[in-house]
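**Q** Sending over a structure as structure tokens; questions will come in a sec.
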Amino acid sequence: MARDTTDERPIEGRDDLIAWIAAGSKPAAAGRIGTEHEKFPYFTADHGAVPYEGPAGIGVLIERLGERLGWEAIRDGEAVIGLADPHGGGGAISLEPGGQFELSGAPLVDLHATAAELAAHLADVAAVADPLGIAFAGLGTSPKWTLAETPAMPKSRYRIMAGYMPKVGTRGRDMMFRTSTVQVNLDFASEADMVAKLRVGLALQPIATALFAASPFLDGRPSGYLSTRSAIWLDTDRHRTGMLPQAFDAGFGFGGYVDWALDVPMYFVKRGDTYHDVTGTTFRAFLDGALAERLPGVVPEIGDWTNHVGTLFPEVRLKRYLEMRGADCGPASHVVALPALWVGLLYDPGALEAAGRLIADWTTAEQQALRDAVPRSALATPFRSGTVRDVARELLAIARSGLAARAIVDSTSGRDETVHLDVLDEIVASGQTLADRLLADFHGPWAGAIDRVLDATRY
């Protein structure tokens with residue numbers, strides 16, 4: 001999750017919130033690629049979860065990584081809970097609630113730079129984690145540890161969220177503590193460009209979920225899903241998650257998203273180092289003075305809005321850029337393939353137009369049906385006269401054309417950005433997701449040994 005921010009400019013009204021989003025617009029040539037991924041730490045000796053505390057805990061790990069990189073520590077009280085690049089690169093490292101180690105990558109020009117950033121990050125993490133006996137697994141859910149066995153990170157906002165989650169769904173704490181994702185953040189040039197990209201992203205997010213399915217286990221056994229992470233999100237908090245069907249209404253734009261966000265309950269208001277629990281209060285009510293008695297003198301600020309929109313979790317999230325959020329984390333090749341897919345679809349005008357034609361007659365009911373079904377059956381999910389695998393094949397062809405049109409060649413390999421789609425082509429050609437392959441090994445040569453899943457997905 002993003003670092004909570006402070007911006008003390010008072011909010012005068014709805015127009016300020018629309019303007020905040022619109023300020024993210026930039027020329028197409030200035031579009032960048034920001035990739036985020038989370039991974040599960042575990043002890044190599046016993047495959048146990050890694051707590052924050054202790055001489056080989058996550059606290060020590062992140063402090064040593066900060067020393068190695070020369071990055072600034074982000075603290076919650078005395079605890080180091082993240083790192084920020086002070087050198088202008090824009091990258092950051094943070095801890096998710098259950099210790100998932102997240103890299104929020106810098107905004108980069110091309111996918112070759114994304115691959116290089118990831119390789120450098122994994123090398124740096126290994127350099128400090130190996131001596132501590134810690135490794136990392138790339139999966140969409142932690143396969144082994146129960147919720148009770150999963151450690152909690154010392155972040156104030158997470159304590160507020162964990163207390164609130166059971167009031168709005170049955171799987172919120174699972175989402176917080178036991179899921180990991182990879183997502184890509186992409187720019188838009190205008191309101192119309194945002195809407196076109198948002199609609200394509202929303203409609204096709206279930207197809208990405210199927211392609212990247214990599215979480216078939218929970219509590220030490222098969223869960224019945226290929227993307228358990230995606231299934232968990234279906235019952236986390238329906239106020240702030242989902243497919244945003246209103247995005248397909250005529251006239252939808254920045255204002256439409258703001259209106260939706262205004263009516264989502266908040267988690268907290270942050271003043272100084274203190275997080276005030278305001279769960280259950282919508283941002284619209286906050287603007288109307290609902291917290292005046294509870295928080296005397298506190299008026300809504302732009303920083304409150306920035307933090308609020310960062311706690312909304314639709315399948316595609318709009319901030320000052322668009323976040324594609326539907327994929328399980330997986331191996332390094334998947335971490336780069338996810339941005340490759342969406343850059344190919346959204347950053348080339350011809351590919352974006354082709355993707356728009358592909359989904360033009362998909363109803364919102366069909367989109368929701370896909371979203372509901374793909375966690376269990378992934379590529380085999382029926383759709384119209386075929387399956388999701390058929391759609392994925394067409395989708396990859398469009399993405400490949402979009403990346404080819406960018407014609408950005410890696411100086412080392414001599415390949416353009418389409419090379420990063422190869423792993424997805426292999427998945428579609430075989431019809432086997434990573435989840436399918438892990439299940440086959442679990443029931444076959446691994447003889448039900450869940451520790452083998454962690455080692456097989458180790459970075």
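Just so we're on the same page: first chain in the structure tokens is A, next is B, and so on; residues restart at 1 for each chain, and ligands are numbered from 1 in the order they show up.
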Do you have, as a Markdown table, the list of residues of region 25-90 of chain A lying at most 7 Å from region 327-343 of chain A, each with its nearest atom pair and that distance in Å to one decimal, counting only C-alpha atoms and ordered by chain then number?

**A**
```
| residue | atom | partner | partner_atom | distance |
| --- | --- | --- | --- | --- |
| A:Thr35 | CA | A:Pro339 | CA | 6.8 |
| A:His37 | CA | A:Cys329 | CA | 6.6 |
| A:Glu38 | CA | A:Cys329 | CA | 6.7 |
```

**Q** Restricting the output to C-alpha atoms, write the selected residues as a PDB file, in the first residue's frame.

**A**
```pdb
ATOM      1  CA  THR A  35       5.084  -1.779 -11.179  1.00  0.00           C
ATOM      2  CA  HIS A  37       4.579  -6.473  -6.326  1.00  0.00           C
ATOM      3  CA  GLU A  38       4.307  -8.204  -2.965  1.00  0.00           C
TER       4      GLU A  38
END
```

**Q** With DSSP run on the backbone, what are the alpha helix (DSSP H) residues within region 123-331 of chain A? I'd like them as number ranges by chain.

**A** A: 123-129, 156-164, 172-178, 191-211, 228-233, 254-262, 283-287, 302-309

**Q** Name the residues in contact with region 223-227 of chain A at a cut-off of 8 Å, using only C-alpha atoms, excluding same-chain residues fewer than 2 positions from it; report them as a list of chain:residue names.

**A**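 Skipping anything fewer than 2 positions along the chain leaves A:Gly140, A:Thr209, A:Ala210, A:Ala213, A:Ala214, A:Ser215, A:Pro216, A:Phe217, A:Leu218, A:Arg221, A:Arg229, A:Ser230, A:Ala231, A:Asp328, A:Val374, A:Pro375, A:Arg376, A:Ser377, A:Ala378, A:Ala435, A:Asp436.
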
**Q** Mind checking which residues fall within 10 Å of His276 (chain A), counting only C-alpha atoms, ignoring those fewer than 2 positions away in the same chain, and posting them as a ChimeraX atom specification?

**A** /A:156-157,160,267-271,273-274,278-279,294-295
